[in-house]
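run-v5.pdb, holding PDB, C-alpha atoms:
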```pdb
ATOM      1  CA  GLY X   1      40.192 -34.542  54.428
ATOM      2  CA  PRO X   2      42.952 -35.235  56.895
ATOM      3  CA  SER X   3      45.745 -37.566  55.934
ATOM      4  CA  PHE X   4      46.932 -39.961  58.598
ATOM      5  CA  GLY X   5      50.599 -40.440  57.710
ATOM      6  CA  TYR X   6      51.181 -43.091  60.342
ATOM      7  CA  TYR X   7      48.576 -45.510  58.922
ATOM      8  CA  SER X   8      49.748 -49.090  58.688
ATOM      9  CA  GLU X   9      48.089 -52.501  58.684
ATOM     10  CA  ASP X  10      49.083 -52.824  62.354
ATOM     11  CA  ASP X  11      47.187 -49.745  63.561
ATOM     12  CA  CYS X  12      44.133 -50.404  65.724
ATOM     13  CA  TYR X  13      41.215 -48.100  64.905
ATOM     14  CA  ALA X  14      38.126 -47.503  66.997
ATOM     15  CA  VAL X  15      35.136 -45.241  66.467
ATOM     16  CA  ALA X  16      33.112 -43.818  69.349
ATOM     17  CA  LEU X  17      30.162 -41.475  69.701
ATOM     18  CA  ASP X  18      30.617 -38.483  72.017
ATOM     19  CA  TYR X  19      27.251 -37.379  73.455
ATOM     20  CA  PRO X  20      26.541 -34.473  75.827
ATOM     21  CA  GLU X  21      27.031 -35.192  79.530
ATOM     22  CA  GLY X  22      23.944 -36.930  80.979
ATOM     23  CA  TYR X  23      22.346 -37.800  77.634
ATOM     24  CA  ASP X  24      20.746 -41.283  77.555
ATOM     25  CA  TRP X  25      22.720 -42.607  74.574
ATOM     26  CA  ARG X  26      21.276 -46.123  74.941
ATOM     27  CA  ALA X  27      17.691 -44.979  74.332
ATOM     28  CA  ASP X  28      18.890 -42.079  72.138
ATOM     29  CA  PRO X  29      15.496 -40.289  72.227
ATOM     30  CA  ASP X  30      16.753 -37.364  70.105
ATOM     31  CA  ARG X  31      18.596 -39.494  67.505
ATOM     32  CA  GLY X  32      19.546 -37.388  64.524
ATOM     33  CA  HIS X  33      18.989 -34.129  66.373
ATOM     34  CA  VAL X  34      21.088 -34.365  69.557
ATOM     35  CA  LYS X  35      24.454 -32.581  69.431
ATOM     36  CA  CYS X  36      26.823 -35.494  68.997
ATOM     37  CA  HIS X  37      30.225 -36.216  67.441
ATOM     38  CA  MET X  38      31.843 -39.316  65.998
ATOM     39  CA  VAL X  39      35.459 -39.676  67.088
ATOM     40  CA  MET X  40      37.964 -41.980  65.381
ATOM     41  CA  PHE X  41      40.937 -43.209  67.385
ATOM     42  CA  ALA X  42      44.163 -44.683  65.988
ATOM     43  CA  ASP X  43      46.055 -46.719  68.582
ATOM     44  CA  GLY X  44      44.127 -44.892  71.325
ATOM     45  CA  ILE X  45      44.816 -41.389  69.996
ATOM     46  CA  PRO X  46      41.854 -39.299  68.730
ATOM     47  CA  VAL X  47      42.649 -38.390  65.107
ATOM     48  CA  LEU X  48      39.276 -37.276  63.720
ATOM     49  CA  ARG X  49      36.090 -35.726  65.119
ATOM     50  CA  ILE X  50      33.022 -35.120  62.930
ATOM     51  CA  PRO X  51      29.482 -33.959  63.758
ATOM     52  CA  VAL X  52      26.678 -36.541  63.765
ATOM     53  CA  GLY X  53      23.065 -35.878  62.898
ATOM     54  CA  ASP X  54      20.557 -35.293  60.152
ATOM     55  CA  ASP X  55      21.953 -31.820  59.428
ATOM     56  CA  SER X  56      25.447 -33.212  58.804
ATOM     57  CA  TYR X  57      24.320 -36.374  56.918
ATOM     58  CA  VAL X  58      26.054 -38.684  59.395
ATOM     59  CA  SER X  59      24.137 -41.427  61.189
ATOM     60  CA  SER X  60      24.889 -42.684  64.684
ATOM     61  CA  TYR X  61      23.916 -46.255  63.730
ATOM     62  CA  PRO X  62      27.011 -48.504  64.032
ATOM     63  CA  THR X  63      26.293 -50.136  60.656
ATOM     64  CA  CYS X  64      26.636 -46.759  58.924
ATOM     65  CA  HIS X  65      30.353 -46.188  59.387
ATOM     66  CA  PHE X  66      33.445 -48.000  58.156
ATOM     67  CA  VAL X  67      37.153 -47.510  58.828
ATOM     68  CA  VAL X  68      38.996 -48.168  55.573
ATOM     69  CA  GLN X  69      42.757 -47.732  55.307
ATOM     70  CA  GLY X  70      42.914 -45.129  58.041
ATOM     71  CA  HIS X  71      39.903 -43.076  56.948
ATOM     72  CA  LEU X  72      36.379 -42.874  58.335
ATOM     73  CA  TYR X  73      33.655 -43.461  55.733
ATOM     74  CA  THR X  74      30.022 -42.873  56.672
ATOM     75  CA  SER X  75      26.735 -43.577  54.912
ATOM     76  CA  TYR X  76      23.451 -41.795  55.506
ATOM     77  CA  THR X  77      19.993 -41.899  54.002
ATOM     78  CA  ASP X  78      17.022 -39.636  54.578
ATOM     79  CA  GLY X  79      14.670 -42.005  52.743
ATOM     80  CA  GLU X  80      15.032 -40.105  49.461
ATOM     81  CA  SER X  81      18.775 -40.151  48.759
ATOM     82  CA  THR X  82      22.016 -41.663  50.059
ATOM     83  CA  VAL X  83      25.163 -39.772  51.074
ATOM     84  CA  VAL X  84      28.636 -41.270  51.484
ATOM     85  CA  LYS X  85      31.268 -39.166  53.240
ATOM     86  CA  LYS X  86      35.000 -39.597  53.861
ATOM     87  CA  ASP X  87      36.441 -38.052  57.018
ATOM     88  CA  GLY X  88      33.354 -35.822  57.245
ATOM     89  CA  HIS X  89      33.429 -34.580  53.636
ATOM     90  CA  ILE X  90      30.834 -35.586  51.020
ATOM     91  CA  LEU X  91      32.152 -37.997  48.399
ATOM     92  CA  TYR X  92      28.981 -39.246  46.706
ATOM     93  CA  VAL X  93      25.273 -38.503  46.730
ATOM     94  CA  TRP X  94      22.744 -40.526  44.755
ATOM     95  CA  SER X  95      18.991 -40.690  44.461
ATOM     96  CA  GLY X  96      17.288 -43.534  46.321
ATOM     97  CA  ALA X  97      17.460 -44.780  49.890
ATOM     98  CA  GLU X  98      20.137 -47.439  50.293
ATOM     99  CA  SER X  99      21.674 -49.123  53.307
ATOM    100  CA  VAL X 100      25.404 -49.623  52.743
ATOM    101  CA  ASP X 101      26.354 -53.200  53.620
ATOM    102  CA  ASP X 102      30.092 -53.030  52.961
ATOM    103  CA  MET X 103      32.732 -50.859  51.356
ATOM    104  CA  MET X 104      36.422 -51.164  50.587
ATOM    105  CA  LEU X 105      39.201 -49.603  48.552
ATOM    106  CA  VAL X 106      40.586 -51.612  45.643
ATOM    107  CA  GLY X 107      43.102 -50.081  43.249
ATOM    108  CA  GLY X 108      42.348 -46.580  44.535
ATOM    109  CA  SER X 109      38.585 -46.890  43.888
ATOM    110  CA  LEU X 110      35.897 -47.095  46.560
ATOM    111  CA  HIS X 111      33.684 -50.171  46.078
ATOM    112  CA  ILE X 112      30.270 -50.036  47.772
ATOM    113  CA  LEU X 113      27.727 -52.838  48.195
ATOM    114  CA  SER X 114      24.298 -51.692  49.365
ATOM    115  CA  SER X 115      20.688 -52.779  49.717
ATOM    116  CA  PRO X 116      17.670 -50.646  48.772
ATOM    117  CA  CYS X 117      15.818 -49.750  51.987
ATOM    118  CA  GLY X 118      12.641 -51.809  52.348
ATOM    119  CA  LYS X 119      13.107 -53.655  49.047
ATOM    120  CA  ASP X 120      14.761 -56.778  47.697
ATOM    121  CA  GLY X 121      17.858 -56.580  45.557
ATOM    122  CA  PHE X 122      21.194 -54.822  45.843
ATOM    123  CA  VAL X 123      23.409 -52.237  44.173
ATOM    124  CA  TYR X 124      27.164 -52.501  43.615
ATOM    125  CA  ARG X 125      28.909 -49.184  42.984
ATOM    126  CA  VAL X 126      32.452 -48.126  42.186
ATOM    127  CA  ASP X 127      33.274 -44.525  43.082
ATOM    128  CA  GLY X 128      29.550 -43.844  43.484
ATOM    129  CA  GLU X 129      28.540 -45.118  40.018
ATOM    130  CA  LYS X 130      26.249 -48.150  39.593
ATOM    131  CA  VAL X 131      28.057 -51.143  38.152
ATOM    132  CA  VAL X 132      25.670 -54.019  38.991
ATOM    133  CA  GLU X 133      22.071 -53.735  40.179
ATOM    134  CA  ARG X 134      19.410 -56.361  40.810
ATOM    135  CA  GLN X 135      15.795 -55.645  41.773
ATOM    136  CA  GLY X 136      15.329 -59.139  43.221
ATOM    137  CA  GLY X 137      17.352 -61.556  45.276
ATOM    138  CA  TYR X 138      20.039 -60.329  47.627
ATOM    139  CA  SER X 139      23.773 -60.053  48.047
ATOM    140  CA  PHE X 140      25.587 -61.820  50.858
ATOM    141  CA  ARG X 141      26.431 -58.318  52.136
ATOM    142  CA  HIS X 142      30.211 -58.343  52.049
ATOM    143  CA  LEU X 143      32.984 -57.454  49.641
ATOM    144  CA  ASP X 144      36.343 -59.199  49.460
ATOM    145  CA  VAL X 145      39.574 -58.711  47.548
ATOM    146  CA  HIS X 146      41.096 -61.652  45.687
ATOM    147  CA  ASP X 147      44.306 -61.151  43.679
ATOM    148  CA  GLY X 148      43.586 -57.413  43.521
ATOM    149  CA  HIS X 149      39.998 -57.867  42.303
ATOM    150  CA  ALA X 150      36.795 -56.879  44.113
ATOM    151  CA  VAL X 151      34.600 -59.948  44.676
ATOM    152  CA  PHE X 152      31.126 -60.503  46.095
ATOM    153  CA  TYR X 153      28.333 -63.070  45.799
ATOM    154  CA  PHE X 154      24.575 -62.896  45.436
ATOM    155  CA  CYS X 155      21.576 -65.133  44.860
ATOM    156  CA  GLN X 156      18.401 -64.702  42.901
ATOM    157  CA  ASP X 157      15.292 -66.801  42.342
ATOM    158  CA  GLN X 158      14.861 -67.971  38.772
ATOM    159  CA  GLY X 159      11.724 -67.411  36.731
ATOM    160  CA  ILE X 160       9.579 -70.259  35.442
ATOM    161  CA  SER X 161      11.139 -70.110  31.955
ATOM    162  CA  GLU X 162      14.619 -70.669  33.461
ATOM    163  CA  GLY X 163      13.495 -73.447  35.810
ATOM    164  CA  SER X 164      12.438 -72.763  39.363
ATOM    165  CA  GLY X 165      14.901 -72.502  42.203
ATOM    166  CA  THR X 166      17.615 -70.182  43.397
ATOM    167  CA  SER X 167      20.750 -69.413  41.429
ATOM    168  CA  TYR X 168      24.004 -68.171  42.911
ATOM    169  CA  TYR X 169      26.423 -65.732  41.327
ATOM    170  CA  LYS X 170      29.957 -64.455  41.800
ATOM    171  CA  VAL X 171      30.810 -60.893  40.752
ATOM    172  CA  VAL X 172      34.448 -60.043  39.990
ATOM    173  CA  ASP X 173      35.187 -56.384  39.206
ATOM    174  CA  GLY X 174      31.576 -55.937  38.076
ATOM    175  CA  LYS X 175      31.431 -59.026  35.817
ATOM    176  CA  VAL X 176      28.682 -61.472  36.837
ATOM    177  CA  HIS X 177      29.403 -65.230  36.678
ATOM    178  CA  LYS X 178      26.785 -67.878  37.467
ATOM    179  CA  LEU X 179      28.019 -70.505  39.918
ATOM    180  CA  ASP X 180      27.406 -74.182  39.259
ATOM    181  CA  LEU X 181      26.101 -75.128  42.702
ATOM    182  CA  ALA X 182      24.005 -78.234  43.230
ATOM    183  CA  VAL X 183      22.462 -77.334  46.580
ATOM    184  CA  ASP X 184      19.543 -78.854  48.428
ATOM    185  CA  GLY X 185      18.149 -76.201  50.710
ATOM    186  CA  LYS X 186      19.289 -72.624  51.082
ATOM    187  CA  VAL X 187      22.873 -71.346  51.084
ATOM    188  CA  ALA X 188      23.452 -69.152  54.149
ATOM    189  CA  ASP X 189      26.635 -67.443  52.960
ATOM    190  CA  ILE X 190      29.290 -67.491  50.261
ATOM    191  CA  ARG X 191      32.604 -65.719  50.683
ATOM    192  CA  MET X 192      36.077 -65.668  49.125
ATOM    193  CA  LEU X 193      38.649 -66.423  51.803
ATOM    194  CA  GLY X 194      42.342 -66.863  51.042
TER     195      GLY X 194
END
```
I need this file expressed as structure tokens, please.
Amino acid sequence: GPSFGYYSEDDCYAVALDYPEGYDWRADPDRGHVKCHMVMFADGIPVLRIPVGDDSYVSSYPTCHFVVQGHLYTSYTDGESTVVKKDGHILYVWSGAESVDDMMLVGGSLHILSSPCGKDGFVYRVDGEKVVERQGGYSFRHLDVHDGHAVFYFCQDQGISEGSGTSYYKVVDGKVHKLDLAVDGKVADIRMLG
């Protein structure tokens, strides 16, 4: 894909959808089939334009695209498989419908945290390959970097043999660590900041 040589931490990126003149983009009655493009801007200058729709495996939903280090990553599912693209080119395809919650680059690898569509659990992938998967519980839906390591948190209800209740976990570079949290009630979010 294109390389944006002027990328820096100070660049301001925006992504917009370019619909045909007169199309009701708010109702979007022909979602997935209307001729539409996603345009990425860097400091107000259009730098990338890719087609949107079922035929191009790019969704118009705002939660399905991410700007990461000057590149546009998109996720798409047709209910059977999931496609991740970079700047309009396919990077990864895997079986199963997943909604990508977050993605980021760490050490040159793309880390992806997703949720199976219509099911509990989550999947954590590095460069498209499963690293951690749970069929129950849920992740807190965001990835962070701490000292060069990919970090995220999740919770899962314990079975009767382990004692009832919810347990909380921290995952660092794919290694799962149980947190020692004495919590009354439900934890709304856990995140590594600073």
Output check: residues returned by the PyMOL selection byres ((chain X and resi 188-190) around 8), as a PyMOL selection string: chain X and resi 140+153+186-187+191-192
Include C-alpha atoms and write out the residues we just selected as an mmCIF file, in the coordinates of the input.
```
data_model
loop_
_atom_site.group_PDB
_atom_site.id
_atom_site.type_symbol
_atom_site.label_atom_id
_atom_site.label_comp_id
_atom_site.auth_asym_id
_atom_site.auth_seq_id
_atom_site.Cartn_x
_atom_site.Cartn_y
_atom_site.Cartn_z
ATOM 1 C CA PHE X 140 25.587 -61.820 50.858
ATOM 2 C CA TYR X 153 28.333 -63.070 45.799
ATOM 3 C CA LYS X 186 19.289 -72.624 51.082
ATOM 4 C CA VAL X 187 22.873 -71.346 51.084
ATOM 5 C CA ARG X 191 32.604 -65.719 50.683
ATOM 6 C CA MET X 192 36.077 -65.668 49.125
#
```
Enclose the full set of atoms of segment 180-185 of chain X listed in the file within a box whose edges lie along x, y and z, apply 6 Å of padding to each of the six sides, and report centre and edge lengths in Å to one decimal as lines of an AutoDock Vina configuration file.
```
center_x = 22.8
center_y = -76.5
center_z = 45.0
size_x = 21.3
size_y = 16.7
size_z = 23.5
```
Looking at X:Tyr23, X:Trp94, X:Phe152, X:Tyr76, which one is nearest to Tyr57 of chain X, with distances taken over all atoms listed in the file? X:Tyr76
Given the point (24.0, -50.4, 50.6) in the file's coordinates, find the residues that have an atom at most 12 Å from it, counting only C-alpha atoms, and give them as a PyMOL selection string. chain X and resi 63-65+74-77+81-84+94+96-103+111-125+128+130+133+138-143
With the file shown as input, list the residues that the PyMOL selection byres ((chain X and resi 38) around 6) selects, as a ChimeraX atom specification. /X:16-17,37,39,49-50
Residue with the minimum atom-to-atom distance to Asp173 of chain X, picked from X:Glu9, X:Asp144, X:Asp157, X:Asp43 with all atoms listed in the file counted, is X:Asp144
Go ahead and find all residues with at least one atom no further than 9 Å from (38.8, -50.5, 45.2) in the file's coordinates, using only C-alpha atoms; report them as number ranges by chain. X: 103-112, 126-127, 145, 148-150
Translate the PyMOL selection byres ((chain X and resi 32) around 7) into a concrete residue list for this structure, as a PyMOL selection string. chain X and resi 30-31+33-34+53-54+59
Please produce a file of those selected residues containing C-alpha atoms, as a PDB file, in the frame of the given file.
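The new file selection.pdb reads:
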```pdb
ATOM      1  CA  ASP X  30      16.753 -37.364  70.105  1.00  0.00           C
ATOM      2  CA  ARG X  31      18.596 -39.494  67.505  1.00  0.00           C
ATOM      3  CA  HIS X  33      18.989 -34.129  66.373  1.00  0.00           C
ATOM      4  CA  VAL X  34      21.088 -34.365  69.557  1.00  0.00           C
ATOM      5  CA  GLY X  53      23.065 -35.878  62.898  1.00  0.00           C
ATOM      6  CA  ASP X  54      20.557 -35.293  60.152  1.00  0.00           C
ATOM      7  CA  SER X  59      24.137 -41.427  61.189  1.00  0.00           C
TER       8      SER X  59
END
```
What is the atom CA of Asp18 of chain X to atom CA of Cys36 of chain X distance in Å? 5.7 Å
Interatomic distance (Å, one decimal) between atom CA of Phe154 of chain X and atom CA of Gly174 of chain X: 12.3 Å
Closest of X:Leu72, X:Gly194, X:His146, X:Ile90 to Val172 of chain X, counting all atoms listed in the file, is X:His146
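The space separating atom CA of Leu193 of chain X from atom CA of Asp147 of chain X comes to 11.2 Å.
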Would you kindly return, as a ChimeraX atom specification, each protein, DNA or RNA residue with an atom no farther than 6 Å from any atom of Lys86 of chain X, considering only C-alpha atoms and excluding same-chain residues fewer than 2 positions away? /X:72-73,88-89
Looking at only C-alpha atoms, which of X:Gln158, X:Gln69, X:Lys35, X:Asp11 is the one that sits closest to Pro51 of chain X?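 With only C-alpha atoms as the atom set, the closest residue is X:Lys35.
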Closest to Tyr61 of chain X among X:Met40, X:Val171, X:Val15, X:Leu91, using all atoms listed in the file? X:Val15
